Structure formats: structure tokens, C-alpha cells
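**Q** One structure is given below, represented as C-alpha cells, and several questions about it will come after.
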Amino acid sequence: MSEPSLRTKTTRGIASSLLGVVGTNIVRIASIAILARLLTPADFGIVAVAMTVVMLVQNVRDIGVGGAIVQRKDLTIDELRSAFAFSVWLGFALTAVMALTAPWIADLFGEPKAVPYIRALSAMFAIRGLSMVPYVLLQREFGFRHIAIIDTGTYAIGSLASVVLAAMGFGAWSIVWGDLIEIGLGVIAIWWVRRPPFALRIHWQHLRGLLGIGAGYTVVQLANVAATQSDNAIVSRQLGGDALGFYSRAYDMVRIPSMMFTSIVGSVMFPAFATLQNDAERLGQAFRRSLFATAVILTPASIGLIVLAPEVIATVIGPQWTNTVLPFQIMGATMLFRTSYKIGAIVARASGDAARTAVTQAVYAVAVIAGAIFASRWGIAGVATSTAIAVTLNFLMLTGLGMHYTNLKWWDVVNAHRQAVLAGLLTLAGAWPTAWLLRQAGAPRVVTLVVTTLVGALGPLALAYRGVRNKGSDWHWVWEALRTGLRGKRKKKKVPAQHLTSTEDVTKAEPPPA
């Protein structure tokens, strides 16, 4: 049976990821709602300090070797064995360093109580080091159905553990233990599905090429995490742990679409775009359509969330979190840019340009840090505003960088967002007056939330229906891509990777059966 086309593999990968991420985020929202009622803002604030450091350090856990494995066209089994050994030893080294420097890190954030939480979460690096290579091999081989099942299942179990422990009175530790349980089970599941090329000895002659590509990716990831997490550090130091608790809850809720994009589309697009890196026309078409699809979904969604922010916050995490409403609305205004800037970054990375992507992310990080320091005098709403401005700047920079490797012009980018703007205006026209009338009538929060959502969705749905009927439109392309992705996968014979010799090319190898 013939090999599926790149479009078919990509759309099936997105569809598989979509099902997994929908399940994961149902669990995520339920977990946020329950934990927000069991824990205090101080609990969330102290864990947010520890997780900020973890997010920063985890991007050097393999020095970009994972990204290099996905992007590299030709690989040998010896390179993969050395990559596995390197990932394992580096993971243990990072755990040790972070555990030893925890007091200094906590003092830097102005939160000395975070020390034991930082040390506990540092174990994540040693655990994740065991799964890096098999995980990125699944990505490279478009094994997104397995990834979706693993991610959804382990996240659900970890979230359930956090809720149970929080109900038993473990406080902030319930979040920490839930995360560690999720990661540990994830390693077991990944090994079950995709056995790694096990080795504990590093052969530098085989690793050198991957490190050369991966170092640039690491700089990009570090700069991006510095940008996305530094506002947490500034809020903690300037405004205190309670303020960080409110700010981090607003941020966590707004970034769900961005996380969904990375899980659904981003992980699939990187190997797909890497395949097209020498075809500027096809890469440009894929880039523009990705911008279109992201915009038509997130623009009306962000407007709906801004309108319904009081009801969303009170319903999901409780009325005691009203201080998060304004920063949630401010961050929600740039939800699209926060998500779609990643598309330009993926295009540039897939084309092998890590240097300019790193420079762009460094500028973004400086904008976030400088803006947050200046705006902190106006509280968490001020920091949210300065960060939103930096996010918009980053979208423009990375979109321009991605365009450099395609035949797209700025007018093409504007056209890709025209339908999204119209969908957003239709949402606003339906949602805002409906929400206002229901609030004036004293309707229950849930009624306001449901009715306003339904009314606000009518306009975008009518626009989408009209577009899908036009076979030459981008709407029709999105619809056909979803239909293709949701069809059953054709079975093909698999060749276990462990049967390869040390010099054999593994790029066409398939994972062993689960």
C-alpha cells in the first residue's frame, strides 16, 4: 500500500492531536475549577514561582537535540543512542544543579518558602530525560495518535491525584505531586509505545551534528520561556505571592488556546514544515492557511471571553477570584497573537534559521521584562497590558521572519485575517448586547454564559457555512483538511527500529507496535 501524502499525514496528525487535546483541556478546566476552590492564591503563587524556574530550565534539558532529531533529514541508530544517553545524563545533572541552587532561586523571586517545591519539581528533569528521544521519534514519525492518548491519560491521572491530595489538605504540594505523577506515568507509557535506542555511553562523534543544530533551538526556547515567564517573576518580586496567584490564574486560563495550538498544530507542523523547507511556494501556502485557520477560531473566541470574563471567572474558578477578571480581559485581547506568533517561529525553525529566531525572541524577552518592571506600579493589570503589547510586537517580528522563507507578502498576511476580523465583529455584535441585557435582568451567571455564547456564535457559524460552500475558499480547505484528518488511518507494515544496523538510515523506520 502506498505511503500517505504529507498533507494526509499532517491532517491526520492534527486530527489525532485535536481529540487528545480536547480531552486534556476538559480535564484541565475541571481541575482548575476544583483546585481554585480547594487552594488559596498563595498556594498557586508559590507553585507558580517553582514552575517558572522549571519552565526556564527544561528548555535546556537536551540542548535542542530533540528538535534537531525532528528537523534532521538523515539519522543513524548510533546518533539516536548517543542522543538518548546525553538526554539521560543531562537530565540528572539539571536535577542536581536546580536542587542545590533552590535557595538562591527562591531569594531571587522574593519567595523563600518556594525552596522545597523547587527541589521537588527538579526531579522532573531526570524523569523527562528518559523519554525525550522516544517522544520526538513519535513526532518525527507522525505518531500523534499515540502521543494524544498518552498525554490525555497521564494528565487526567495527575490532575485527579492533585484534586484528591488538595481535598486531603496537602495544599500547594498537591499540585507538585500531581505533576510528578503525570510525568512519571508518561515515561512508562512512551517507553511502552516507542522503545528508545537504549544506551548510557555518549559517543561525541555521533552527537556532534545534532548538537550543532540543537544549540540554536535551545537559545530560541530559552529566550521564549524568559519572555513568557519573566512577568511572573516580576509580579512575585514587586507585588507579592498573592498577586502572583491572581495573575497566574488569569494567565493560565488565557494561554489554554496557545497550549492547545502547540499540542494540536505546532507539534505536527514542525515536521511537516521541515519537509517543505526547500519549497518556498508550498511552505508559503501552508503558512498563510495556518494563520487563517488560527485567526478564524481564536478571534471570535477571544472576543467572547472578553465580553463574558466576569461570568467565566466566577463559574470556572469561583467568585473569590474576581481580581483576575481585568488582567484576563487584557490578556485575552492578544490571545490570537500569543498563539499565531508561533507559526512564524515554526516556519523559521523548520527552515533551519535558529539564529534570527533567537534574536527575535531575545527582543521579545527584553520587551516583556522592561514593560513589566515599568508597569508593575499599576498592579497586575498594568503588567498584563505591557505583556500584551510585547506579545503583539513578537507576532509582527516572527511573522515577518517566517515570510522571509516563503513567497508571502504582508498583504497576504492581512488577507489571511480578513475573515477572522469579520467573524470577531459578528461575535461582538451578538454577544455584547446579549450579555448586557441578561445582566440587567439579573439572570444567573450560567444562563448569561450559555445564552451569550450561543448568540455570539451565530454570526461566525453562518460565515463559516457560507465559506465552506465556496470550494475555492480557505474555509473549504479547513473543512476538507478536518475531514481528511478524521478519516481512519490506513494500516501499513512497520519495521522495528531496533532491527537497524549502526550505520543504517533510520528516517524511514517505523516505531514498533504498541
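FYI, nothing fancy with the C-alpha cells labels: chains A, B, ... in order, residues from 1 per chain, ligands from 1 as they appear.
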I want to know what sits within 8 Å of Ala333 in chain A, based on only C-alpha atoms, with residues of the same chain fewer than 5 positions away left out; could you give that as a ChimeraX atom specification?
**A** /A:302-303,306,388
**Q** Enter the distance from CA of Ala114 in chain A to CA of Pro41 in chain A, in Å, rounded to one decimal.
**A**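 Distance reported for this atom pair: 14.1 Å.
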**Q** From a backbone DSSP assignment, name each residue in range 293-450 of chain A labelled alpha helix (DSSP H), as a ChimeraX atom specification.
**A** /A:293-307,309-316,325-332,335-350,354-375,379-403,410-440,445-450
**Q** Excluding Val296 in chain A and any residue of its chain fewer than 3 positions from it, enumerate the residues within 10 Å of it, using only C-alpha atoms, and give them as a PyMOL selection string.
**A** chain A and resi 291-293+299-301+336+416-424+460+464+475
**Q** So, counting only C-alpha atoms, which residue among A:Val53, A:Val363, A:Ala250, A:Ala199 is closest to Thr101 in chain A?
**A**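 Looking only at the distances to Thr101 in chain A, the closest residue turns out to be A:Val53.
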**Q** Between CA of Ile380 in chain A and CA of Leu326 in chain A, what is the spacing in Å?
**A**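 We find that CA of Leu326 in chain A and CA of Ile380 in chain A lie 8.8 Å from each other.
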**Q** Mind giving me the straight-line distance from CA of Val325 in chain A to CA of Thr40 in chain A in Å, one decimal?
**A**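 Separating CA of Val325 in chain A from CA of Thr40 in chain A is a distance of 16.8 Å.
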**Q** Measuring atom to atom with only C-alpha atoms, identify which of A:Glu281, A:Asn394, A:Arg28, A:Thr434 is nearest to Thr152 in chain A.
**A**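 Between A:Glu281, A:Asn394, A:Arg28, A:Thr434, the residue approaching Thr152 in chain A most closely is A:Arg28.
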**Q** I'd like the contact shell of Ile343 in chain A - 9 Å cut-off, only C-alpha atoms, skipping same-chain residues fewer than 4 positions apart - returned as a list in words.
**A**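 Near Ile343 in chain A, the qualifying residues are Gly266, Met269, Phe287, Ser290, Leu291, Thr339, Val347, Ala348, Leu398, Thr399 and Gly402 of chain A.
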**Q** Smallest atom-to-atom distance to Ala156 in chain A: which of A:Ile202, A:Leu185, A:Ala172, A:Ala381, using only C-alpha atoms?
**A** A:Leu185
**Q** Select, from A:Asp474, A:Ile188, A:Leu210, A:Trp177, the residue with the minimum atom-to-atom distance to Asn415 in chain A, counting only C-alpha atoms.
**A**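 Under the stated criterion, the closest residue is A:Asp474.
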**Q** At a cut-off of 9 Å, using only C-alpha atoms, what residues contact range 371-376 of chain A? Leave out same-chain residues fewer than 2 positions from it and give the result as a list in words.
**A**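 In the requested form, the answer reads Ser230, Asp231, Ile234, Val235, Gln238, Leu239, Val366, Ala367, Val368, Ile369, Trp378, Gly379, Ile380, Ala381, Gly382, Val383, Ala384, Thr385, Ser386, Thr387, Ile389 and Ala390 of chain A.
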**Q** If you keep C-alpha atoms, can you produce a file of those selected residues as a short mmCIF file (atom, residue, chain, number, x, y, z; two decimals), in the first residue's frame?
**A**
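What follows is the written file again27.cif:
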data_model
loop_
_atom_site.label_atom_id
_atom_site.label_comp_id
_atom_site.auth_asym_id
_atom_site.auth_seq_id
_atom_site.Cartn_x
_atom_site.Cartn_y
_atom_site.Cartn_z
CA SER A 230 9.63 36.69 33.41
CA ASP A 231 6.41 38.64 34.07
CA ILE A 234 8.46 40.42 38.37
CA VAL A 235 4.91 40.19 39.74
CA GLN A 238 7.28 43.52 43.05
CA LEU A 239 3.69 42.74 44.09
CA VAL A 366 13.55 42.36 26.83
CA ALA A 367 10.21 43.96 25.92
CA VAL A 368 8.34 41.78 28.42
CA ILE A 369 10.82 42.35 31.26
CA TRP A 378 -0.25 49.83 38.21
CA GLY A 379 -0.61 46.34 39.64
CA ILE A 380 -1.29 43.11 37.77
CA ALA A 381 -3.49 44.93 35.22
CA GLY A 382 -0.52 47.12 34.30
CA VAL A 383 1.77 44.09 33.87
CA ALA A 384 -0.89 42.36 31.76
CA THR A 385 -1.08 45.44 29.50
CA SER A 386 2.68 45.74 28.98
CA THR A 387 2.92 42.00 28.27
CA ILE A 389 1.99 44.97 23.89
CA ALA A 390 5.13 42.80 23.85
#
**Q** Excluding same-chain residues fewer than 2 positions from range 435-442 of chain A, what lies within 10 Å of it counting only C-alpha atoms, as JSON, numbers by chain?
**A** {"A": [307, 308, 311, 430, 431, 432, 433, 444, 445, 447, 448, 449, 450, 451, 452, 453, 455, 456]}
**Q** Taking only C-alpha atoms into account, name the residue in A:Ile26, A:Trp89, A:Gly178, A:Val65 that is nearest to Val164 in chain A.
**A**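 The shortest atom-to-atom distance to Val164 in chain A comes from A:Gly178.
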**Q** I'd like the contact shell of Tyr465 in chain A - 12 Å cut-off, only C-alpha atoms, skipping same-chain residues fewer than 2 positions apart - returned as a CSV table (one decimal) with C-alpha atoms, in the first residue's frame.
**A**
chain,number,residue,atom,x,y,z
A,423,ALA,CA,-16.1,36.8,12.5
A,458,LEU,CA,-24.4,32.5,15.3
A,459,GLY,CA,-22.6,35.1,13.2
A,460,PRO,CA,-19.3,33.2,12.8
A,461,LEU,CA,-21.0,29.9,12.2
A,462,ALA,CA,-23.1,31.5,9.4
A,463,LEU,CA,-19.9,33.0,7.9
A,467,GLY,CA,-17.3,29.9,3.2
A,468,VAL,CA,-17.3,26.1,3.3
A,469,ARG,CA,-19.8,26.1,0.4
A,470,ASN,CA,-17.3,28.0,-1.7
A,471,LYS,CA,-14.9,25.3,-2.9
A,473,SER,CA,-12.1,29.4,-0.2
A,474,ASP,CA,-9.8,28.9,2.8
A,475,TRP,CA,-12.9,27.9,4.8
A,476,HIS,CA,-13.4,25.0,2.4
A,478,VAL,CA,-10.0,23.9,6.5
A,479,TRP,CA,-13.2,21.8,6.3
